[in-house]
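K.L.:
Quick one: the structure is below, and I'll ask about it shortly.
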Amino acid sequence: MIITILQKDLRLYFSDKKGVLVTFLLPIIMITLFAFAFGGVAKKKSAPKPLGVLVVDKDATTTSQALITKLNSMQTIRLIASEEEKALDLVRKGKNVAALIFEKGFSDAVTADSDLPIELKYDAARDLQMRIVHTVLKEGFKYHLGKVDVINNVKLKTTSLIKESSTKAHPGLVQAVGGTAIMMLLFSIAAIGGGLLDEKDAGTLKRLLIAPVKPLDILLAKMGTAMVVSILQLTTMFVFAWLAFGLPIFMDAISLIVLILCISFAVSSFGVFLVSTVKTRQQLQGMSTIIIILMSAIGGSMIPISMMPVFMQNIAVISVNYWGIEGFFDIFWRQLPFITILPKMGILLAIGLGMTLVSTVLFKKNIIAIE
């Protein structure tokens, strides 16, 4: 009897091909992503792409230029010449990890075996990368200057361009709140979209089509519902983060409200896009789980972007998560003005508009199939 029941349950389980696919494919995808993200599949002989570090040579001497050239030959970092004002602005905006400043008198300090007037100014939100840069630079100074006894006593001064204060949120808190909020929102919207498939199975959708209701109106109405829920869910999450962890949500309320609206539009469009590509709730559950986990992993919800290898950082831009999290960092950590954050909001709107247009075409095909 036990064997008979066991055989019956196994037949039922493996008859659900979509469920089996999620069960086995999703762990494989996650293992692959995390293996790449943490360097577990790197070839022994391959060198990682160097981290770009801006360099400002205010000393402008033969000694400083020669050292910069030698440091630039190292595989781990790549020094990029820049003017001081531009370099610091790029670091503040999160475009570069750090800026290495050679102050005037560097050459004289090397000759006199005195403290070297150099400083590494960095973005604390990319602390892990900064630590790598700091270690590599200290070793580089020691090796290339050839004054081990002196350089060992020299501390490479580091300064965070964005200071933590009562008006700013810690980068870890921004990452946790922003990343989790968007990932959970994607799952919620996918579930809301499934309601349309339930209406199809119950025959409600067919009755709506008989009435003077356009298929596009049905799709946009569902998208509107999803957007309202998205706005409420994101607002609730940020209010909770304010009450529980002190996230300064009123620091730039206008930017935060507009960003929430843009994320809600993009996520709602993603929800109707998913619904438009499937025919059953079972298919939706399998597809949405895989796609949302994949988007969240490469978009920075699970692993901070700065910890990922370069090729994963490059493909992260296709994810709604990436642009939303970067927008939250711009507001809460970098404290950038609204006009500077606006391009990221525009990209979210463009993603949403693109998915809406594609969804319209796919949804009409599904409607015709129903009829």
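Naming works like this for the structure tokens: A, B, ... for the chains as they're shown, residue 1 at the start of each chain, ligands 1 onward in shown order.
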Could you tell me, as a list in words, which residues of region 44-158 of chain A DSSP assigns to strand (DSSP E) when given the backbone?

P.N.:
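After running DSSP on the backbone, region 44-158 of chain A has strand (DSSP E) at Leu51, Gly52, Val53, Leu54, Val55, Val56, Asp57, Ile77, Arg78, Leu79, Ile80, Ala81, Ala98, Ala99, Leu100, Ile101, Phe102, Ile118, Glu119, Leu120, Lys121, Tyr122, Lys157 and Thr158 of chain A.
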
K.L.:
Write out as an NGL selection string the residues lying within 12 Å of Phe270 (chain A), counting only C-alpha atoms and excluding same-chain residues fewer than 4 positions away.

P.N.:
:A and (185-193 or 222-223 or 226-227 or 230 or 263-266 or 274-277 or 288 or 291-292 or 295 or 319-321 or 348-359)

K.L.:
If I take CA of Lys95 (chain A) and CA of Pro343 (chain A), how far is one from the other in Å, to one decimal?

P.N.:
14.2 Å

K.L.:
List the neighbours of Thr76 (chain A) out to 12 Å using only C-alpha atoms; skip same-chain residues closer than 2 positions along the sequence, and give me the result as a PyMOL selection string.

P.N.:
chain A and resi 46-53+71-74+78-79+129+132-137+139-140

K.L.:
When distances are computed from only C-alpha atoms, which of A:Leu54, A:Ile341, A:Leu128, A:Leu67 shows the smallest separation from Val110 (chain A)?

P.N.:
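Between A:Leu54, A:Ile341, A:Leu128, A:Leu67, the residue approaching Val110 (chain A) most closely is A:Leu67.
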
K.L.:
With only C-alpha atoms as the counted atoms, please give the residues lying no more than 9 Å from Met237 (chain A), apart from itself and same-chain residues fewer than 5 positions off, as a list in words.

P.N.:
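With the cut-off at 9 Å, the set is Val177, Ala181, Leu232 and Trp242 of chain A.
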
K.L.:
If you count only C-alpha atoms, which residues fall within 12 Å of Pro248 (chain A), apart from same-chain ones fewer than 5 positions away, as a PyMOL selection string?

P.N.:
chain A and resi 165-170+173-174+238-243+253+256+328+331-333+335

K.L.:
Got time to write the residues from that selection, N, CA, C and O atoms, as an mmCIF file, in the first residue's frame?

P.N.:
data_model
loop_
_atom_site.group_PDB
_atom_site.id
_atom_site.type_symbol
_atom_site.label_atom_id
_atom_site.label_comp_id
_atom_site.auth_asym_id
_atom_site.auth_seq_id
_atom_site.Cartn_x
_atom_site.Cartn_y
_atom_site.Cartn_z
ATOM 1 N N SER A 165 26.017 60.931 9.220
ATOM 2 C CA SER A 165 25.501 61.928 10.155
ATOM 3 C C SER A 165 24.052 61.608 10.460
ATOM 4 O O SER A 165 23.486 60.632 9.969
ATOM 5 N N SER A 166 23.452 62.442 11.296
ATOM 6 C CA SER A 166 22.055 62.226 11.673
ATOM 7 C C SER A 166 21.109 62.429 10.497
ATOM 8 O O SER A 166 19.959 61.997 10.528
ATOM 9 N N THR A 167 21.584 63.118 9.459
ATOM 10 C CA THR A 167 20.726 63.381 8.293
ATOM 11 C C THR A 167 20.920 62.353 7.189
ATOM 12 O O THR A 167 20.288 62.452 6.150
ATOM 13 N N LYS A 168 21.803 61.396 7.410
ATOM 14 C CA LYS A 168 22.077 60.388 6.381
ATOM 15 C C LYS A 168 21.784 58.991 6.914
ATOM 16 O O LYS A 168 21.834 58.736 8.113
ATOM 17 N N ALA A 169 21.498 58.086 5.985
ATOM 18 C CA ALA A 169 21.284 56.684 6.355
ATOM 19 C C ALA A 169 22.565 55.908 6.097
ATOM 20 O O ALA A 169 23.310 56.204 5.156
ATOM 21 N N HIS A 170 22.833 54.921 6.923
ATOM 22 C CA HIS A 170 23.995 54.060 6.717
ATOM 23 C C HIS A 170 23.817 53.294 5.407
ATOM 24 O O HIS A 170 22.701 52.848 5.083
ATOM 25 N N LEU A 173 21.901 50.081 5.645
ATOM 26 C CA LEU A 173 20.463 50.212 5.826
ATOM 27 C C LEU A 173 19.773 50.519 4.502
ATOM 28 O O LEU A 173 18.708 49.966 4.204
ATOM 29 N N VAL A 174 20.385 51.383 3.704
ATOM 30 C CA VAL A 174 19.820 51.704 2.390
ATOM 31 C C VAL A 174 19.760 50.451 1.519
ATOM 32 O O VAL A 174 18.756 50.185 0.850
ATOM 33 N N PHE A 238 8.846 51.925 3.719
ATOM 34 C CA PHE A 238 9.733 53.029 4.078
ATOM 35 C C PHE A 238 9.288 53.704 5.378
ATOM 36 O O PHE A 238 10.137 54.169 6.152
ATOM 37 N N VAL A 239 7.988 53.766 5.628
ATOM 38 C CA VAL A 239 7.523 54.291 6.906
ATOM 39 C C VAL A 239 7.984 53.386 8.043
ATOM 40 O O VAL A 239 8.428 53.860 9.112
ATOM 41 N N PHE A 240 7.913 52.072 7.829
ATOM 42 C CA PHE A 240 8.398 51.133 8.842
ATOM 43 C C PHE A 240 9.895 51.324 9.088
ATOM 44 O O PHE A 240 10.353 51.336 10.236
ATOM 45 N N ALA A 241 10.669 51.473 7.988
ATOM 46 C CA ALA A 241 12.115 51.669 8.127
ATOM 47 C C ALA A 241 12.422 52.967 8.869
ATOM 48 O O ALA A 241 13.401 53.055 9.621
ATOM 49 N N TRP A 242 11.576 53.977 8.692
ATOM 50 C CA TRP A 242 11.745 55.253 9.403
ATOM 51 C C TRP A 242 11.473 55.067 10.903
ATOM 52 O O TRP A 242 12.257 55.526 11.755
ATOM 53 N N LEU A 243 10.366 54.386 11.222
ATOM 54 C CA LEU A 243 9.990 54.203 12.618
ATOM 55 C C LEU A 243 10.925 53.241 13.346
ATOM 56 O O LEU A 243 11.296 53.467 14.505
ATOM 57 N N ALA A 253 11.877 64.409 0.469
ATOM 58 C CA ALA A 253 10.583 63.748 0.270
ATOM 59 C C ALA A 253 10.143 63.765 -1.183
ATOM 60 O O ALA A 253 9.577 62.788 -1.688
ATOM 61 N N LEU A 256 12.006 61.118 -3.165
ATOM 62 C CA LEU A 256 11.570 59.785 -2.742
ATOM 63 C C LEU A 256 10.197 59.457 -3.304
ATOM 64 O O LEU A 256 9.965 58.347 -3.797
ATOM 65 N N PHE A 328 17.752 54.998 -4.561
ATOM 66 C CA PHE A 328 17.678 55.134 -3.103
ATOM 67 C C PHE A 328 19.020 55.561 -2.516
ATOM 68 O O PHE A 328 19.065 56.370 -1.578
ATOM 69 N N ILE A 331 19.486 59.228 -2.996
ATOM 70 C CA ILE A 331 18.674 60.055 -2.090
ATOM 71 C C ILE A 331 19.193 60.010 -0.660
ATOM 72 O O ILE A 331 19.465 61.058 -0.049
ATOM 73 N N PHE A 332 19.347 58.808 -0.116
ATOM 74 C CA PHE A 332 19.626 58.668 1.311
ATOM 75 C C PHE A 332 21.101 58.742 1.677
ATOM 76 O O PHE A 332 21.434 59.115 2.802
ATOM 77 N N TRP A 333 21.988 58.354 0.756
ATOM 78 C CA TRP A 333 23.407 58.333 1.095
ATOM 79 C C TRP A 333 24.184 59.459 0.416
ATOM 80 O O TRP A 333 24.850 60.252 1.063
ATOM 81 N N GLN A 335 22.880 61.969 -1.225
ATOM 82 C CA GLN A 335 22.121 63.218 -1.095
ATOM 83 C C GLN A 335 22.267 64.092 -2.348
ATOM 84 O O GLN A 335 22.531 65.288 -2.272
#

K.L.:
Please indicate the distance in Å from CA of Ala221 (chain A) to CA of Trp323 (chain A), rounded to one decimal place.

P.N.:
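Taking CA of Ala221 (chain A) as the start and CA of Trp323 (chain A) as the end point, the length is 25.6 Å.
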
K.L.:
Just the number, please: distance in Å from CA of Met130 (chain A) to CA of Thr159 (chain A), one decimal.

P.N.:
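Here the two named atoms are 10.7 Å from each other.
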